[in-house]
Structure formats: C-alpha cells, structure tokens
Amino acid sequence: MLRLLVSPRWLVRHVLLVLAVATCIGFGRWQYHRAVDRNSILNWSYTIEWTLFGLFAVLCWAWFLRDELRGPPEEDEQAPPPRVYQPVAQPVSDEEDPELAAYNRYLAELNERSR
C-alpha cells in the first residue's frame, strides 16, 4: 500500500487534494468573515458550501484510493451472459391506425430482407 501511495500518479493526486482542500478552506474562511460582518444568509450558505466542497474532494480521493487498492473487478467465467429481453411488437390493424400498420409492415419487410 505504501508503494502505491508514493507512486508518481498518486503523488499528483495528493498534491491536487491538498490544493483543493486549501482552496476550499480559504474561500470558506473568506465567506465566513463576510457572513459575520454582513450577517448575510447568502454568505453563510457559501461558507457551508465551500466546506462541503472540501469534504467532497476528500471523499473522492478516498474512493479513488479504495478502488485502486481493490484492483480491477474479477470476471466470473462460469456466469451465463445476461439475457436481453426484446419487447414483443403488438400487431396493429389497418382499422386501428393505418399509418402505423403500414410502417410496421415496412419494418417487417426490412427485417426479412436483412436475413
């Protein structure tokens, strides 16, 4: 795990995380001071928003680390392929909708030609 954390790719991610969190803390503190000075609900909401942005950056970093430690997902060779269910076309008569019936006949004809 330590080897993974000091790899060049992860060092870049660590630096980006520190920059993102520092930026969020800076903007959050700035909005906090503006909220205290002005007693503005908008500035209070921005204070909370910047805090949540910083927490989200840490959460994403943790998700990336978790996925990297788990490795690629193993494929089960014994599992059958997933079934694909095709909806069954309902026949439409010329009395119900002549335009739709003509289109369905055209599609059926194209299907027969492709086989």
# chains A, B, ... in the order shown; residues from 1 in each chain; ligands from 1
call {"tool": "residues_around", "arguments": {"residues": "Ile25 in chain A", "least_positions_apart": "3", "cutoff": "12 Å", "atoms": "only C-alpha atoms", "output": "number ranges by chain"}}
result
A: 18-22, 28-32, 46-55, 57
call {"tool": "write_last_selection", "arguments": {"atoms": "N, CA and C atoms", "output": "mmCIF file, in the first residue's frame"}}
result
data_model
loop_
_atom_site.group_PDB
_atom_site.id
_atom_site.type_symbol
_atom_site.label_atom_id
_atom_site.label_comp_id
_atom_site.auth_asym_id
_atom_site.auth_seq_id
_atom_site.Cartn_x
_atom_site.Cartn_y
_atom_site.Cartn_z
ATOM 1 N N VAL A 18 -4.514 18.360 -1.656
ATOM 2 C CA VAL A 18 -4.096 19.413 -0.725
ATOM 3 C C VAL A 18 -4.462 20.784 -1.287
ATOM 4 N N LEU A 19 -4.245 20.993 -2.579
ATOM 5 C CA LEU A 19 -4.598 22.271 -3.192
ATOM 6 C C LEU A 19 -6.111 22.506 -3.147
ATOM 7 N N ALA A 20 -6.885 21.482 -3.444
ATOM 8 C CA ALA A 20 -8.339 21.627 -3.442
ATOM 9 C C ALA A 20 -8.859 21.927 -2.040
ATOM 10 N N VAL A 21 -8.357 21.208 -1.048
ATOM 11 C CA VAL A 21 -8.820 21.425 0.325
ATOM 12 C C VAL A 21 -8.370 22.799 0.827
ATOM 13 N N ALA A 22 -7.131 23.185 0.515
ATOM 14 C CA ALA A 22 -6.646 24.507 0.940
ATOM 15 C C ALA A 22 -7.468 25.615 0.288
ATOM 16 N N GLY A 28 -13.841 29.293 2.161
ATOM 17 C CA GLY A 28 -14.800 29.132 3.254
ATOM 18 C C GLY A 28 -14.555 30.136 4.370
ATOM 19 N N ARG A 29 -13.289 30.361 4.726
ATOM 20 C CA ARG A 29 -12.961 31.359 5.762
ATOM 21 C C ARG A 29 -13.331 32.762 5.295
ATOM 22 N N TRP A 30 -13.062 33.053 4.035
ATOM 23 C CA TRP A 30 -13.389 34.371 3.493
ATOM 24 C C TRP A 30 -14.902 34.610 3.559
ATOM 25 N N GLN A 31 -15.682 33.600 3.155
ATOM 26 C CA GLN A 31 -17.134 33.737 3.199
ATOM 27 C C GLN A 31 -17.627 33.815 4.643
ATOM 28 N N TYR A 32 -16.951 33.112 5.546
ATOM 29 C CA TYR A 32 -17.339 33.172 6.959
ATOM 30 C C TYR A 32 -17.167 34.587 7.504
ATOM 31 N N TYR A 46 -22.713 30.099 1.484
ATOM 32 C CA TYR A 46 -21.457 29.877 0.776
ATOM 33 C C TYR A 46 -20.396 29.283 1.700
ATOM 34 N N THR A 47 -20.408 29.692 2.954
ATOM 35 C CA THR A 47 -19.469 29.115 3.928
ATOM 36 C C THR A 47 -19.681 27.609 4.042
ATOM 37 N N ILE A 48 -20.938 27.215 4.163
ATOM 38 C CA ILE A 48 -21.261 25.786 4.250
ATOM 39 C C ILE A 48 -20.931 25.078 2.938
ATOM 40 N N GLU A 49 -21.206 25.754 1.839
ATOM 41 C CA GLU A 49 -20.951 25.159 0.524
ATOM 42 C C GLU A 49 -19.469 24.866 0.317
ATOM 43 N N TRP A 50 -18.596 25.804 0.658
ATOM 44 C CA TRP A 50 -17.163 25.577 0.481
ATOM 45 C C TRP A 50 -16.653 24.463 1.390
ATOM 46 N N THR A 51 -17.248 24.368 2.582
ATOM 47 C CA THR A 51 -16.880 23.262 3.477
ATOM 48 C C THR A 51 -17.271 21.922 2.853
ATOM 49 N N LEU A 52 -18.455 21.874 2.274
ATOM 50 C CA LEU A 52 -18.904 20.631 1.632
ATOM 51 C C LEU A 52 -18.057 20.289 0.408
ATOM 52 N N PHE A 53 -17.628 21.301 -0.344
ATOM 53 C CA PHE A 53 -16.741 21.046 -1.481
ATOM 54 C C PHE A 53 -15.435 20.403 -1.020
ATOM 55 N N GLY A 54 -14.861 20.913 0.066
ATOM 56 C CA GLY A 54 -13.624 20.340 0.603
ATOM 57 C C GLY A 54 -13.819 18.907 1.063
ATOM 58 N N LEU A 55 -14.932 18.657 1.750
ATOM 59 C CA LEU A 55 -15.216 17.290 2.197
ATOM 60 C C LEU A 55 -15.436 16.352 1.013
ATOM 61 N N ALA A 57 -14.034 16.608 -1.919
ATOM 62 C CA ALA A 57 -12.719 16.316 -2.504
ATOM 63 C C ALA A 57 -12.036 15.191 -1.729
#
call {"tool": "select_by_dssp", "arguments": {"residues": "chain A", "states": "helix (DSSP H, G or I)", "output": "PyMOL selection string"}}
result
chain A and resi 2-5+8-38+41-70+98-114
call {"tool": "residues_around", "arguments": {"residues": "range 61-71 of chain A", "least_positions_apart": "3", "cutoff": "9 Å", "atoms": "only C-alpha atoms", "output": "count of residues only"}}
result
11
call {"tool": "atom_distance", "arguments": {"atom1": "CA of Cys24 in chain A", "atom2": "CA of Arg9 in chain A"}}
result
22.7 Å
call {"tool": "residues_around", "arguments": {"residues": "range 108-112 of chain A", "least_positions_apart": "5", "cutoff": "12 Å", "atoms": "only C-alpha atoms", "output": "list in words"}}
result
Ala89, Pro91, Ala101, Ala102 and Tyr103 of chain A
call {"tool": "write_last_selection", "arguments": {"atoms": "N, CA and C atoms", "output": "mmCIF file, in the first residue's frame"}}
result
data_model
loop_
_atom_site.group_PDB
_atom_site.id
_atom_site.type_symbol
_atom_site.label_atom_id
_atom_site.label_comp_id
_atom_site.auth_asym_id
_atom_site.auth_seq_id
_atom_site.Cartn_x
_atom_site.Cartn_y
_atom_site.Cartn_z
ATOM 1 N N ALA A 89 -43.618 -6.987 -30.370
ATOM 2 C CA ALA A 89 -44.412 -5.979 -31.065
ATOM 3 C C ALA A 89 -45.865 -6.417 -31.114
ATOM 4 N N PRO A 91 -49.366 -6.430 -32.845
ATOM 5 C CA PRO A 91 -49.868 -6.175 -34.193
ATOM 6 C C PRO A 91 -50.918 -5.067 -34.181
ATOM 7 N N ALA A 101 -49.748 0.780 -39.054
ATOM 8 C CA ALA A 101 -49.761 -0.566 -39.619
ATOM 9 C C ALA A 101 -48.865 -0.631 -40.859
ATOM 10 N N ALA A 102 -48.917 0.389 -41.697
ATOM 11 C CA ALA A 102 -48.068 0.424 -42.896
ATOM 12 C C ALA A 102 -46.591 0.500 -42.496
ATOM 13 N N TYR A 103 -46.308 1.281 -41.486
ATOM 14 C CA TYR A 103 -44.915 1.392 -41.024
ATOM 15 C C TYR A 103 -44.427 0.067 -40.449
#
call {"tool": "residues_around", "arguments": {"residues": "Gln90 in chain A", "least_positions_apart": "3", "cutoff": "10 Å", "atoms": "only C-alpha atoms", "output": "ChimeraX atom specification"}}
result
/A:87,93,104
call {"tool": "write_last_selection", "arguments": {"atoms": "C-alpha atoms", "output": "short mmCIF file (atom, residue, chain, number, x, y, z; two decimals), in the first residue's frame"}}
result
data_model
loop_
_atom_site.label_atom_id
_atom_site.label_comp_id
_atom_site.auth_asym_id
_atom_site.auth_seq_id
_atom_site.Cartn_x
_atom_site.Cartn_y
_atom_site.Cartn_z
CA PRO A 87 -40.35 -6.40 -26.29
CA SER A 93 -54.60 -3.48 -37.85
CA ASN A 104 -44.89 -1.92 -39.15
#
